[in-house]
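First comes the structure, then the notes that go with it.
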2 protein chains.
Amino acid sequence: MWQPDRSSKQALYQQIAAYMERRIFYGEFPPGSILPSERKFAEQINVNRSTVVQAYEELRASGIIESMVGSGTRVSKYKWGAPKQTPDWLQYLEGGTVVQPNQSFLRTIREELDTGRLLIDFASGELSPDLSPNEAIRLLLSEHSLHEDLGYDNPQGYVPLRQALVSYLQQYRGIRATESSILITSGSHQSLYLITQRLLSPGDAVAIEDPSYYYSLPMFHSAGLRLFRLPVDEKGVCPEGILSLYREHNIRMIFVNPNYHNPTGRVLDPSRRERLLDVCGHLGIPVVEDDPFSLTSFAGNPPPSLKSIDVNSTVLYIGSLSKTVASGLRIGWMVAPQSVVNRLTDERQQMDFGLSVLPQRIAAQLLSSDHFDRHLQRLRQELSHKRNLLIDALQRELPGEVSYTLPQGGLHLWCKIKRPVDDGRLLEEGMKRGVVFVPGSVYGSESGYVRFTYARPQPDEIGPGISKFAQALRAVVK
Amino acid sequence: MWQPDRSSKQALYQQIAAYMERRIFYGEFPPGSILPSERKFAEQINVNRSTVVQAYEELRASGIIESMVGSGTRVSKYKWGAPKQTPDWLQYLEGGTVVQPNQSFLRTIREELDTGRLLIDFASGELSPDLSPNEAIRLLLSEHSLHEDLGYDNPQGYVPLRQALVSYLQQYRGIRATESSILITSGSHQSLYLITQRLLSPGDAVAIEDPSYYYSLPMFHSAGLRLFRLPVDEKGVCPEGILSLYREHNIRMIFVNPNYHNPTGRVLDPSRRERLLDVCGHLGIPVVEDDPFSLTSFAGNPPPSLKSIDVNSTVLYIGSLSKTVASGLRIGWMVAPQSVVNRLTDERQQMDFGLSVLPQRIAAQLLSSDHFDRHLQRLRQELSHKRNLLIDALQRELPGEVSYTLPQGGLHLWCKIKRPVDDGRLLEEGMKRGVVFVPGSVYGSESGYVRFTYARPQPDEIGPGISKFAQALRAVVK
């Protein structure tokens with residue numbers, strides 16, 4: 001985001017006015033379009049609201065913008081010579097996704113993080129930058145040769161990466177696959193997008209866990225799916241509800257995250273795994289297994305994948321490097337029957353014409369090298385250390401006031417607040433004090449839960465962050 | 001694609017049978033699914049059809065697969081213990097895109113290129129690998145530091161890349177933009193996808209050039225758009241037809257590629273540019289300007305962009321590095337009013353959760369360095385040299401039999417064949433002789449045209465390639 005230059009001799013409000021005039025003149029805000037509100041814009045560029053009011057006043061004085069009672073400030077229609085007809089962009093933007101209430105929390109958090117203000121971040125569901133194998137990536141990048149082809153990629157994904165994944169899946173996840181059964185996607189996110197958009201139709205009923213990360217994804221809503229919930233308890237999701245959901249609502253697919261479940265951190269019980277596959281095999285309902293966290297297992301012995309015991313081709317398996325290597329590589333994959341891979345390859349090709357070769361090459365080299373295993377060892381240690389710091393801080397700051405299941409892997413701790421609390425107000429009070437986290441209702445839970453991502457903050461931020469959280473909690477429940 | 005090991009002592013057919021059994025056993029071909037035909041599979045793995053027949057015979061003998069009269073070979077349903085119900089994957093794959101006839105040519109070419117057979121390639125619309133700035137990219141990659149954050153990217157695109165593009169657009173394309181008006185996309189392809197899928201609705205009428213690259217894109221068809229054509233002559237697209245198309249069909253958007261148009265190579269006449277913007281401004285119809293080729297201008301003075309004379313916010317501008325740097329970076333961008341950028345950012349985020357940071361960082365560094373300008377100079381020289389080689393070869397091999405407009409930039413030559421010819425048969429005969437090119441009907445033209453991409457083959461392949469083409473032509477028109 002643009003920021004005024006505080007070392008300049010020009011007054012802040014004049015810089016702002018000049019900046020907005022440029023944006024209007026360049027067509028970013030066509031005649032008739034609405035400008036950001038003074039309050040919001042001031043927050044974004046870190047100035048007082050009154051400075052923006054003064055800047056807008058300038059523009060209003062020169063006739064470039066005009067204020068409309070009750071509808072904000074807009075770009076004048078008749079400033080630029082004879083009135084011309086600009087495309088009615090609003091009309092082109094009509095329809096589409098309706099923002100869900102739980103989205104507004106995520107948007108608030110995102111906007112707060114984007115201001116560049118110093119915040120302790122328990123909200124972003126990713127590793128802190130130092131947990132990525134940066135030295136290994138640097139080495140691999142420096143080995144890039146002059147003669148590597150940077151042409152269009154194979155639509156199904158870079159072949160050497162798919163070959164490396166065949167070994168990875170066998171070694172780490174007990175999954176036997178061939179390179180032709182693997183589709184590389186932009187993180188596991190794009191695999192989910194392809195499945196929800198292309199294998200399902202609007203109005204289809206699907207079952208998800210309760211609480212569930214999926215609930216927070218606009219793609220599930222904009223695909224027009226009807227979401228039904230399967231309760232998650234200490235042993236993970238309960239498969240017993242599937243049969244009745246199938247009879248009542250004809251559910252067509254089930255989405256699960258069996259290992260170190262997001263947000264609860266739980267691991268699906270072995271007997272429930274078998275039962276889940278039995279029931280779904282019996283009904284012919286595909287199970288989408290989302291498996292991003294397994295290799296973070298603190299003890300180094302990840303629970304098996306559902307796919308490894310899937311004798312019946314019931315499971316679509318999804319994995320990624322986002323939670324174990326670096327989210328910014330955007331490397332994910334799906335293992336599926338060939339007819340599904342072929343169709344989704346065509347669909348993906350329509351959307352982006354394939355992924356960049358560079359990060360795929362890095363991923364292939366990393367997975368085929370010794371760096372990867374060494375990285376995993378360090379990652380597990382660091383994550384388990386950070387989890388311990390979080391637990392210590394919670395016990396110190398909020399003894400007896402919260403409860404949780406101790407996660408044995410993954411990035412998140414799911415925390416129940418014992419006294420009744422409005423989680424929206426809690427977030428607000430937290431942000432005032434410089435800490436962000438995700439309110440439980442984002443995942444479809446009752447108010448009164450919070451997801452803390454211990455993987456994201458630095459170790460020395462965890463204690464102070466929880467101390468701020470405790471203050472926020474006291475402000476809300478008092 | 002997997003290939004049998006010809007140095008192994010195990011017979012080819014046994015290797016193939018073992019490989020297919022593995023794929024079936026891993027669930028890539030669930031019970032009941034259809035295997036590739038013997039002929040097609042043999043082509044893919046470069047063996048005789050009879051070898052695959054023998055391999056399938058093995059599998060049939062052990063009851064793993066079965067032949068169905070008239071419907072090919074499928075995986076046995078009852079081999080794997082008690083009959084279980086596999087999800088009916090075909091049902092999940094129903095519906096969706098209907099393959100257009102022009103797609104089948106492109107698929108044929110793709111499959112032919114994928115066999116790994118040595119072919120002279122005038123079909124792939126991209127640079128040959130040596131035309132990318134490989135040395136500069138290698139240098140920039142080697143400068144990657146340990147401490148760069150590989151976390152999730154800004155949803156609108158890597159900020160330093162958007163900043164670099166502000167200067168790029170001003171310097172090379174006369175376009176004034178701010179970083180907030182730029183959305184980074186996976187090539188220009190993803191910009192087009194977002195526009196066709198999210199700003200338009202099924203049934204909407206749009207105008208495209210005739211002939212047009214857009215006609216070959218499945219995304220235009222699967223978005224359910226009704227395509228109307230504006231003829232392209234020596235001076236580029238004729239804007240006169242717009243008014244009547246608007247009255248008759250209420251066209252809602254116009255897609256143009258004004259500079260070194262794909263496939264014709266033509267440049268839109270200056271007076272027609274003004275007229276186009278006038279008419280569209282008057283009617284309030286957005287113009288999508290696709291501008292991938294301008295910087296290849298052989299003389300080094302690219303024609304201006306439409307966007308640079310768009311006083312009315314009528315133009316959505318799309319650019320990319322695919323045709324000037326490397327298609328495999330997947331770097332493209334759109335310049336649009338902020339309301340459009342914001343909405344399409346949200347939509348893109350749903351699809352892939354952002355692009356990889358690595359190629360965006362390389363692109364930002366490249367555009368901000370001296371390497372870029374030096375690269376462009378070399379690129380122009382090499383492309384113009386290759387165009388000359390192509391022209392020489394056509395004059396030598398087919399004097400008086402073809403005609404074309406000499407392109408002054410871009411990657412393609414659009415060639416009319418004077419005698420009547422079936423372009424599908426021409427392609428078939430060409431492939432037999434080891435040369436591929438794109439039949440004109442892929443772009444919605446009458447049969448009798450061919451697009452040659454001189455950018456893709458090596459200089460010493462161009463003469464022999466056209467010689468093979470000439471033989472193929474003689475085989476078809478004789």
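As shown in the structure tokens, the chain order sets the letters A, B, ...; within each chain, residues go from 1, and ligands are also counted from 1 in the order they appear.
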Distance query Asp291 in chain A at most 9 Å, only C-alpha atoms, self and fewer than 3 positions along chain excluded, as a short mmCIF file (atom, residue, chain, number, x, y, z; two decimals) with N, CA and C atoms, in the first residue's frame:
```
data_model
loop_
_atom_site.label_atom_id
_atom_site.label_comp_id
_atom_site.auth_asym_id
_atom_site.auth_seq_id
_atom_site.Cartn_x
_atom_site.Cartn_y
_atom_site.Cartn_z
N SER A 188 -2.90 -27.12 -1.67
CA SER A 188 -4.06 -28.01 -1.64
C SER A 188 -5.33 -27.22 -1.93
N VAL A 256 -12.59 -34.63 4.83
CA VAL A 256 -12.00 -34.83 6.15
C VAL A 256 -10.52 -34.47 6.16
N ASN A 257 -10.07 -34.14 7.35
CA ASN A 257 -8.67 -33.78 7.61
C ASN A 257 -8.26 -34.61 8.82
N PRO A 258 -7.93 -35.92 8.55
CA PRO A 258 -7.84 -36.88 9.66
C PRO A 258 -6.68 -36.64 10.63
N ASN A 259 -5.58 -36.05 10.17
CA ASN A 259 -4.40 -35.94 11.03
C ASN A 259 -4.11 -34.50 11.44
N TYR A 260 -4.09 -34.27 12.77
CA TYR A 260 -3.86 -32.92 13.30
C TYR A 260 -4.83 -31.94 12.66
N HIS A 261 -6.06 -32.32 12.77
CA HIS A 261 -7.20 -31.62 12.19
C HIS A 261 -7.16 -30.11 12.45
N SER A 294 0.54 -34.01 8.41
CA SER A 294 1.06 -35.24 9.01
C SER A 294 2.56 -35.18 9.31
N SER A 305 -2.13 -42.42 6.50
CA SER A 305 -3.17 -41.72 5.72
C SER A 305 -4.34 -42.67 5.51
N TYR A 317 -7.01 -38.10 -2.50
CA TYR A 317 -6.01 -37.68 -1.53
C TYR A 317 -5.40 -36.34 -1.94
N ILE A 318 -5.32 -35.41 -0.99
CA ILE A 318 -4.77 -34.09 -1.23
C ILE A 318 -3.63 -33.81 -0.25
N GLY A 319 -2.51 -33.36 -0.76
CA GLY A 319 -1.40 -32.97 0.11
C GLY A 319 -0.77 -31.67 -0.37
N SER A 320 0.17 -31.16 0.40
CA SER A 320 0.84 -29.92 -0.02
C SER A 320 2.13 -29.71 0.75
#
```
Determine, counting only C-alpha atoms, which protein, DNA and RNA residues have an atom within 9 Å of an atom of Gly265 in chain B; residues of the same chain fewer than 4 positions away are not included. Present the result as a VMD selection string. chain B and resid 259 to 261 405 to 414
Enter the distance from CA of Arg229 in chain A to CA of Ile251 in chain A, in Å, rounded to one decimal. 10.8 Å
Would you kindly return, as JSON, numbers by chain, each protein, DNA or RNA residue with an atom no farther than 10 Å from any atom of Glu112 in chain A, considering only C-alpha atoms and excluding same-chain residues fewer than 4 positions away? {"A": [43, 44, 106, 107, 108, 116, 117, 118, 119, 431, 434, 436]}
Once DSSP has gone over the backbone, tell me which residues of range 18-164 of chain B are in helix (DSSP H, G or I), as a PDB file with N, CA and C atoms, in the first residue's frame.
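The file below, states-v2.pdb, is the result:
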```
ATOM      1  N   ALA B  18       3.097 -55.471 -15.966  1.00  0.00           N
ATOM      2  CA  ALA B  18       3.378 -55.203 -14.548  1.00  0.00           C
ATOM      3  C   ALA B  18       3.026 -53.756 -14.202  1.00  0.00           C
ATOM      4  N   TYR B  19       3.367 -52.855 -15.124  1.00  0.00           N
ATOM      5  CA  TYR B  19       3.087 -51.435 -14.905  1.00  0.00           C
ATOM      6  C   TYR B  19       1.579 -51.178 -14.819  1.00  0.00           C
ATOM      7  N   MET B  20       0.820 -51.774 -15.732  1.00  0.00           N
ATOM      8  CA  MET B  20      -0.626 -51.554 -15.714  1.00  0.00           C
ATOM      9  C   MET B  20      -1.262 -52.211 -14.489  1.00  0.00           C
ATOM     10  N   GLU B  21      -0.745 -53.366 -14.101  1.00  0.00           N
ATOM     11  CA  GLU B  21      -1.298 -54.025 -12.921  1.00  0.00           C
ATOM     12  C   GLU B  21      -1.104 -53.136 -11.695  1.00  0.00           C
ATOM     13  N   ARG B  22       0.077 -52.495 -11.624  1.00  0.00           N
ATOM     14  CA  ARG B  22       0.369 -51.597 -10.516  1.00  0.00           C
ATOM     15  C   ARG B  22      -0.626 -50.435 -10.505  1.00  0.00           C
ATOM     16  N   ARG B  23      -0.851 -49.846 -11.681  1.00  0.00           N
ATOM     17  CA  ARG B  23      -1.757 -48.699 -11.732  1.00  0.00           C
ATOM     18  C   ARG B  23      -3.170 -49.095 -11.329  1.00  0.00           C
ATOM     19  N   ILE B  24      -3.569 -50.282 -11.755  1.00  0.00           N
ATOM     20  CA  ILE B  24      -4.906 -50.757 -11.399  1.00  0.00           C
ATOM     21  C   ILE B  24      -4.978 -51.008  -9.891  1.00  0.00           C
ATOM     22  N   PHE B  25      -3.924 -51.639  -9.386  1.00  0.00           N
ATOM     23  CA  PHE B  25      -3.902 -51.999  -7.974  1.00  0.00           C
ATOM     24  C   PHE B  25      -3.861 -50.751  -7.083  1.00  0.00           C
ATOM     25  N   GLU B  38      -5.485 -50.160 -26.983  1.00  0.00           N
ATOM     26  CA  GLU B  38      -4.157 -50.735 -27.237  1.00  0.00           C
ATOM     27  C   GLU B  38      -3.372 -49.847 -28.189  1.00  0.00           C
ATOM     28  N   ARG B  39      -4.051 -49.333 -29.222  1.00  0.00           N
ATOM     29  CA  ARG B  39      -3.371 -48.515 -30.221  1.00  0.00           C
ATOM     30  C   ARG B  39      -2.807 -47.234 -29.587  1.00  0.00           C
ATOM     31  N   LYS B  40      -3.678 -46.542 -28.833  1.00  0.00           N
ATOM     32  CA  LYS B  40      -3.290 -45.258 -28.271  1.00  0.00           C
ATOM     33  C   LYS B  40      -2.173 -45.420 -27.228  1.00  0.00           C
ATOM     34  N   PHE B  41      -2.325 -46.439 -26.388  1.00  0.00           N
ATOM     35  CA  PHE B  41      -1.344 -46.672 -25.343  1.00  0.00           C
ATOM     36  C   PHE B  41       0.013 -47.016 -25.966  1.00  0.00           C
ATOM     37  N   ALA B  42      -0.027 -47.820 -27.033  1.00  0.00           N
ATOM     38  CA  ALA B  42       1.218 -48.203 -27.716  1.00  0.00           C
ATOM     39  C   ALA B  42       1.929 -46.957 -28.248  1.00  0.00           C
ATOM     40  N   GLU B  43       1.154 -46.038 -28.814  1.00  0.00           N
ATOM     41  CA  GLU B  43       1.747 -44.786 -29.317  1.00  0.00           C
ATOM     42  C   GLU B  43       2.397 -44.004 -28.183  1.00  0.00           C
ATOM     43  N   GLN B  44       1.669 -43.912 -27.054  1.00  0.00           N
ATOM     44  CA  GLN B  44       2.169 -43.100 -25.942  1.00  0.00           C
ATOM     45  C   GLN B  44       3.502 -43.609 -25.414  1.00  0.00           C
ATOM     46  N   ARG B  49       1.865 -51.873 -31.377  1.00  0.00           N
ATOM     47  CA  ARG B  49       0.544 -52.190 -30.845  1.00  0.00           C
ATOM     48  C   ARG B  49       0.512 -53.651 -30.361  1.00  0.00           C
ATOM     49  N   SER B  50       1.179 -54.529 -31.105  1.00  0.00           N
ATOM     50  CA  SER B  50       1.105 -55.957 -30.760  1.00  0.00           C
ATOM     51  C   SER B  50       1.708 -56.232 -29.374  1.00  0.00           C
ATOM     52  N   THR B  51       2.672 -55.408 -28.967  1.00  0.00           N
ATOM     53  CA  THR B  51       3.283 -55.607 -27.646  1.00  0.00           C
ATOM     54  C   THR B  51       2.260 -55.290 -26.552  1.00  0.00           C
ATOM     55  N   VAL B  52       1.472 -54.223 -26.765  1.00  0.00           N
ATOM     56  CA  VAL B  52       0.448 -53.885 -25.782  1.00  0.00           C
ATOM     57  C   VAL B  52      -0.658 -54.948 -25.786  1.00  0.00           C
ATOM     58  N   VAL B  53      -0.992 -55.432 -26.986  1.00  0.00           N
ATOM     59  CA  VAL B  53      -2.008 -56.500 -27.071  1.00  0.00           C
ATOM     60  C   VAL B  53      -1.563 -57.693 -26.215  1.00  0.00           C
ATOM     61  N   GLN B  54      -0.282 -58.019 -26.327  1.00  0.00           N
ATOM     62  CA  GLN B  54       0.253 -59.157 -25.565  1.00  0.00           C
ATOM     63  C   GLN B  54       0.206 -58.869 -24.046  1.00  0.00           C
ATOM     64  N   ALA B  55       0.514 -57.623 -23.676  1.00  0.00           N
ATOM     65  CA  ALA B  55       0.494 -57.256 -22.258  1.00  0.00           C
ATOM     66  C   ALA B  55      -0.934 -57.336 -21.708  1.00  0.00           C
ATOM     67  N   TYR B  56      -1.894 -56.818 -22.463  1.00  0.00           N
ATOM     68  CA  TYR B  56      -3.296 -56.872 -22.012  1.00  0.00           C
ATOM     69  C   TYR B  56      -3.763 -58.333 -21.922  1.00  0.00           C
ATOM     70  N   GLU B  57      -3.242 -59.160 -22.838  1.00  0.00           N
ATOM     71  CA  GLU B  57      -3.589 -60.585 -22.847  1.00  0.00           C
ATOM     72  C   GLU B  57      -3.189 -61.229 -21.512  1.00  0.00           C
ATOM     73  N   GLU B  58      -1.968 -60.893 -21.064  1.00  0.00           N
ATOM     74  CA  GLU B  58      -1.475 -61.349 -19.758  1.00  0.00           C
ATOM     75  C   GLU B  58      -2.453 -61.009 -18.651  1.00  0.00           C
ATOM     76  N   LEU B  59      -2.866 -59.740 -18.632  1.00  0.00           N
ATOM     77  CA  LEU B  59      -3.729 -59.254 -17.550  1.00  0.00           C
ATOM     78  C   LEU B  59      -5.106 -59.906 -17.648  1.00  0.00           C
ATOM     79  N   ARG B  60      -5.536 -60.143 -18.885  1.00  0.00           N
ATOM     80  CA  ARG B  60      -6.832 -60.772 -19.087  1.00  0.00           C
ATOM     81  C   ARG B  60      -6.782 -62.210 -18.572  1.00  0.00           C
ATOM     82  N   ALA B  61      -5.656 -62.866 -18.841  1.00  0.00           N
ATOM     83  CA  ALA B  61      -5.496 -64.252 -18.422  1.00  0.00           C
ATOM     84  C   ALA B  61      -5.562 -64.374 -16.901  1.00  0.00           C
ATOM     85  N   TRP B  89     -17.322 -42.755 -10.477  1.00  0.00           N
ATOM     86  CA  TRP B  89     -16.589 -41.535 -10.838  1.00  0.00           C
ATOM     87  C   TRP B  89     -17.115 -40.902 -12.107  1.00  0.00           C
ATOM     88  N   LEU B  90     -17.596 -41.745 -13.034  1.00  0.00           N
ATOM     89  CA  LEU B  90     -18.086 -41.172 -14.293  1.00  0.00           C
ATOM     90  C   LEU B  90     -19.234 -40.202 -14.054  1.00  0.00           C
ATOM     91  N   GLN B  91     -20.062 -40.572 -13.070  1.00  0.00           N
ATOM     92  CA  GLN B  91     -21.194 -39.703 -12.758  1.00  0.00           C
ATOM     93  C   GLN B  91     -20.713 -38.339 -12.244  1.00  0.00           C
ATOM     94  N   TYR B  92     -19.615 -38.357 -11.478  1.00  0.00           N
ATOM     95  CA  TYR B  92     -19.080 -37.098 -10.971  1.00  0.00           C
ATOM     96  C   TYR B  92     -18.435 -36.265 -12.080  1.00  0.00           C
ATOM     97  N   LEU B  93     -18.098 -36.935 -13.160  1.00  0.00           N
ATOM     98  CA  LEU B  93     -17.404 -36.217 -14.234  1.00  0.00           C
ATOM     99  C   LEU B  93     -18.349 -35.758 -15.330  1.00  0.00           C
ATOM    100  N   PRO B 101     -14.909 -28.736 -31.977  1.00  0.00           N
ATOM    101  CA  PRO B 101     -14.154 -29.401 -33.043  1.00  0.00           C
ATOM    102  C   PRO B 101     -12.732 -28.853 -33.193  1.00  0.00           C
ATOM    103  N   ASN B 102     -12.555 -27.534 -33.039  1.00  0.00           N
ATOM    104  CA  ASN B 102     -11.212 -26.990 -33.242  1.00  0.00           C
ATOM    105  C   ASN B 102     -10.239 -27.453 -32.158  1.00  0.00           C
ATOM    106  N   GLN B 103     -10.802 -27.891 -31.013  1.00  0.00           N
ATOM    107  CA  GLN B 103      -9.939 -28.392 -29.953  1.00  0.00           C
ATOM    108  C   GLN B 103      -9.245 -29.673 -30.352  1.00  0.00           C
ATOM    109  N   SER B 104      -9.893 -30.454 -31.212  1.00  0.00           N
ATOM    110  CA  SER B 104      -9.332 -31.770 -31.467  1.00  0.00           C
ATOM    111  C   SER B 104      -8.007 -31.645 -32.213  1.00  0.00           C
ATOM    112  N   PHE B 105      -7.862 -30.630 -33.071  1.00  0.00           N
ATOM    113  CA  PHE B 105      -6.564 -30.399 -33.717  1.00  0.00           C
ATOM    114  C   PHE B 105      -5.491 -30.109 -32.663  1.00  0.00           C
ATOM    115  N   LEU B 106      -5.844 -29.222 -31.730  1.00  0.00           N
ATOM    116  CA  LEU B 106      -4.854 -28.843 -30.724  1.00  0.00           C
ATOM    117  C   LEU B 106      -4.469 -30.042 -29.869  1.00  0.00           C
ATOM    118  N   ARG B 107      -5.466 -30.881 -29.561  1.00  0.00           N
ATOM    119  CA  ARG B 107      -5.182 -32.073 -28.775  1.00  0.00           C
ATOM    120  C   ARG B 107      -4.280 -33.029 -29.548  1.00  0.00           C
ATOM    121  N   THR B 108      -4.572 -33.188 -30.834  1.00  0.00           N
ATOM    122  CA  THR B 108      -3.739 -34.063 -31.680  1.00  0.00           C
ATOM    123  C   THR B 108      -2.290 -33.580 -31.675  1.00  0.00           C
ATOM    124  N   ILE B 109      -2.119 -32.256 -31.835  1.00  0.00           N
ATOM    125  CA  ILE B 109      -0.762 -31.695 -31.867  1.00  0.00           C
ATOM    126  C   ILE B 109      -0.057 -31.934 -30.528  1.00  0.00           C
ATOM    127  N   ARG B 110      -0.791 -31.644 -29.443  1.00  0.00           N
ATOM    128  CA  ARG B 110      -0.236 -31.814 -28.093  1.00  0.00           C
ATOM    129  C   ARG B 110       0.211 -33.263 -27.887  1.00  0.00           C
ATOM    130  N   GLU B 111      -0.664 -34.203 -28.246  1.00  0.00           N
ATOM    131  CA  GLU B 111      -0.327 -35.621 -28.042  1.00  0.00           C
ATOM    132  C   GLU B 111       0.895 -36.012 -28.865  1.00  0.00           C
ATOM    133  N   GLU B 112       0.952 -35.468 -30.073  1.00  0.00           N
ATOM    134  CA  GLU B 112       2.088 -35.771 -30.937  1.00  0.00           C
ATOM    135  C   GLU B 112       3.387 -35.226 -30.317  1.00  0.00           C
ATOM    136  N   LEU B 113       3.317 -33.990 -29.778  1.00  0.00           N
ATOM    137  CA  LEU B 113       4.515 -33.406 -29.163  1.00  0.00           C
ATOM    138  C   LEU B 113       4.909 -34.177 -27.900  1.00  0.00           C
ATOM    139  N   ASP B 114       3.889 -34.696 -27.187  1.00  0.00           N
ATOM    140  CA  ASP B 114       4.158 -35.394 -25.929  1.00  0.00           C
ATOM    141  C   ASP B 114       4.804 -36.765 -26.116  1.00  0.00           C
ATOM    142  N   PRO B 129      13.589 -22.179 -25.981  1.00  0.00           N
ATOM    143  CA  PRO B 129      14.201 -21.968 -24.662  1.00  0.00           C
ATOM    144  C   PRO B 129      15.396 -21.010 -24.689  1.00  0.00           C
ATOM    145  N   ASP B 130      16.178 -21.020 -25.767  1.00  0.00           N
ATOM    146  CA  ASP B 130      17.373 -20.169 -25.806  1.00  0.00           C
ATOM    147  C   ASP B 130      17.036 -18.688 -25.954  1.00  0.00           C
ATOM    148  N   LEU B 131      15.784 -18.353 -26.277  1.00  0.00           N
ATOM    149  CA  LEU B 131      15.410 -16.942 -26.395  1.00  0.00           C
ATOM    150  C   LEU B 131      15.027 -16.310 -25.054  1.00  0.00           C
ATOM    151  N   ASN B 134      18.202 -16.483 -19.976  1.00  0.00           N
ATOM    152  CA  ASN B 134      18.576 -17.514 -19.009  1.00  0.00           C
ATOM    153  C   ASN B 134      19.711 -17.094 -18.087  1.00  0.00           C
ATOM    154  N   GLU B 135      20.686 -16.392 -18.658  1.00  0.00           N
ATOM    155  CA  GLU B 135      21.829 -15.989 -17.848  1.00  0.00           C
ATOM    156  C   GLU B 135      21.373 -15.003 -16.764  1.00  0.00           C
ATOM    157  N   ALA B 136      20.521 -14.062 -17.140  1.00  0.00           N
ATOM    158  CA  ALA B 136      20.023 -13.089 -16.156  1.00  0.00           C
ATOM    159  C   ALA B 136      19.203 -13.788 -15.070  1.00  0.00           C
ATOM    160  N   ILE B 137      18.376 -14.727 -15.467  1.00  0.00           N
ATOM    161  CA  ILE B 137      17.558 -15.436 -14.480  1.00  0.00           C
ATOM    162  C   ILE B 137      18.454 -16.238 -13.533  1.00  0.00           C
ATOM    163  N   ARG B 138      19.477 -16.860 -14.107  1.00  0.00           N
ATOM    164  CA  ARG B 138      20.402 -17.627 -13.267  1.00  0.00           C
ATOM    165  C   ARG B 138      21.078 -16.715 -12.241  1.00  0.00           C
ATOM    166  N   LEU B 139      21.504 -15.547 -12.696  1.00  0.00           N
ATOM    167  CA  LEU B 139      22.134 -14.587 -11.779  1.00  0.00           C
ATOM    168  C   LEU B 139      21.167 -14.157 -10.677  1.00  0.00           C
ATOM    169  N   LEU B 140      19.960 -13.827 -11.071  1.00  0.00           N
ATOM    170  CA  LEU B 140      18.992 -13.340 -10.083  1.00  0.00           C
ATOM    171  C   LEU B 140      18.650 -14.434  -9.072  1.00  0.00           C
ATOM    172  N   LEU B 141      18.542 -15.681  -9.557  1.00  0.00           N
ATOM    173  CA  LEU B 141      18.242 -16.783  -8.641  1.00  0.00           C
ATOM    174  C   LEU B 141      19.378 -16.989  -7.649  1.00  0.00           C
ATOM    175  N   SER B 142      20.603 -16.803  -8.123  1.00  0.00           N
ATOM    176  CA  SER B 142      21.734 -17.065  -7.232  1.00  0.00           C
ATOM    177  C   SER B 142      21.844 -15.988  -6.150  1.00  0.00           C
ATOM    178  N   VAL B 159       3.999  -7.236  -4.049  1.00  0.00           N
ATOM    179  CA  VAL B 159       4.019  -5.771  -4.126  1.00  0.00           C
ATOM    180  C   VAL B 159       5.209  -5.232  -4.944  1.00  0.00           C
ATOM    181  N   PRO B 160       6.442  -5.715  -4.722  1.00  0.00           N
ATOM    182  CA  PRO B 160       7.543  -5.174  -5.539  1.00  0.00           C
ATOM    183  C   PRO B 160       7.362  -5.417  -7.043  1.00  0.00           C
ATOM    184  N   LEU B 161       6.681  -6.497  -7.407  1.00  0.00           N
ATOM    185  CA  LEU B 161       6.427  -6.716  -8.834  1.00  0.00           C
ATOM    186  C   LEU B 161       5.434  -5.683  -9.355  1.00  0.00           C
ATOM    187  N   ARG B 162       4.401  -5.396  -8.563  1.00  0.00           N
ATOM    188  CA  ARG B 162       3.442  -4.380  -9.015  1.00  0.00           C
ATOM    189  C   ARG B 162       4.127  -3.015  -9.112  1.00  0.00           C
ATOM    190  N   GLN B 163       5.050  -2.754  -8.200  1.00  0.00           N
ATOM    191  CA  GLN B 163       5.786  -1.485  -8.277  1.00  0.00           C
ATOM    192  C   GLN B 163       6.658  -1.438  -9.536  1.00  0.00           C
ATOM    193  N   ALA B 164       7.323  -2.554  -9.827  1.00  0.00           N
ATOM    194  CA  ALA B 164       8.170  -2.586 -11.032  1.00  0.00           C
ATOM    195  C   ALA B 164       7.313  -2.408 -12.276  1.00  0.00           C
TER     196      ALA B 164
END
```
Would you pick out the contacts of range 205-221 of chain A at 6 Å or less, using only C-alpha atoms, so that residues sharing its chain but fewer than 2 positions from it are not included, and give the list as a ChimeraX atom specification? /A:223-232,251-255,262,442-445 /B:350
Just give me the gap between CA of Ser244 in chain B and CA of Leu276 in chain B in Å, one decimal is fine. 13.3 Å
Who sits within 9 Å of range 307-313 of chain B, only C-alpha atoms, same chain under 2 positions skipped, as a list of chain:residue names: A:Phe25, A:Tyr26, A:Gly27, A:Glu28, A:Phe29, A:Pro30, A:Pro31, A:Trp80, A:Lys84, A:Gln85, A:Thr86, A:Pro87, B:Arg173, B:Gly174, B:Ile175, B:Arg176, B:Arg273, B:Glu274, B:Leu277, B:Gly281, B:Pro286, B:Glu289, B:Pro304, B:Ser305, B:Val315, B:Leu316, B:Tyr317, B:Ala336, B:Pro337
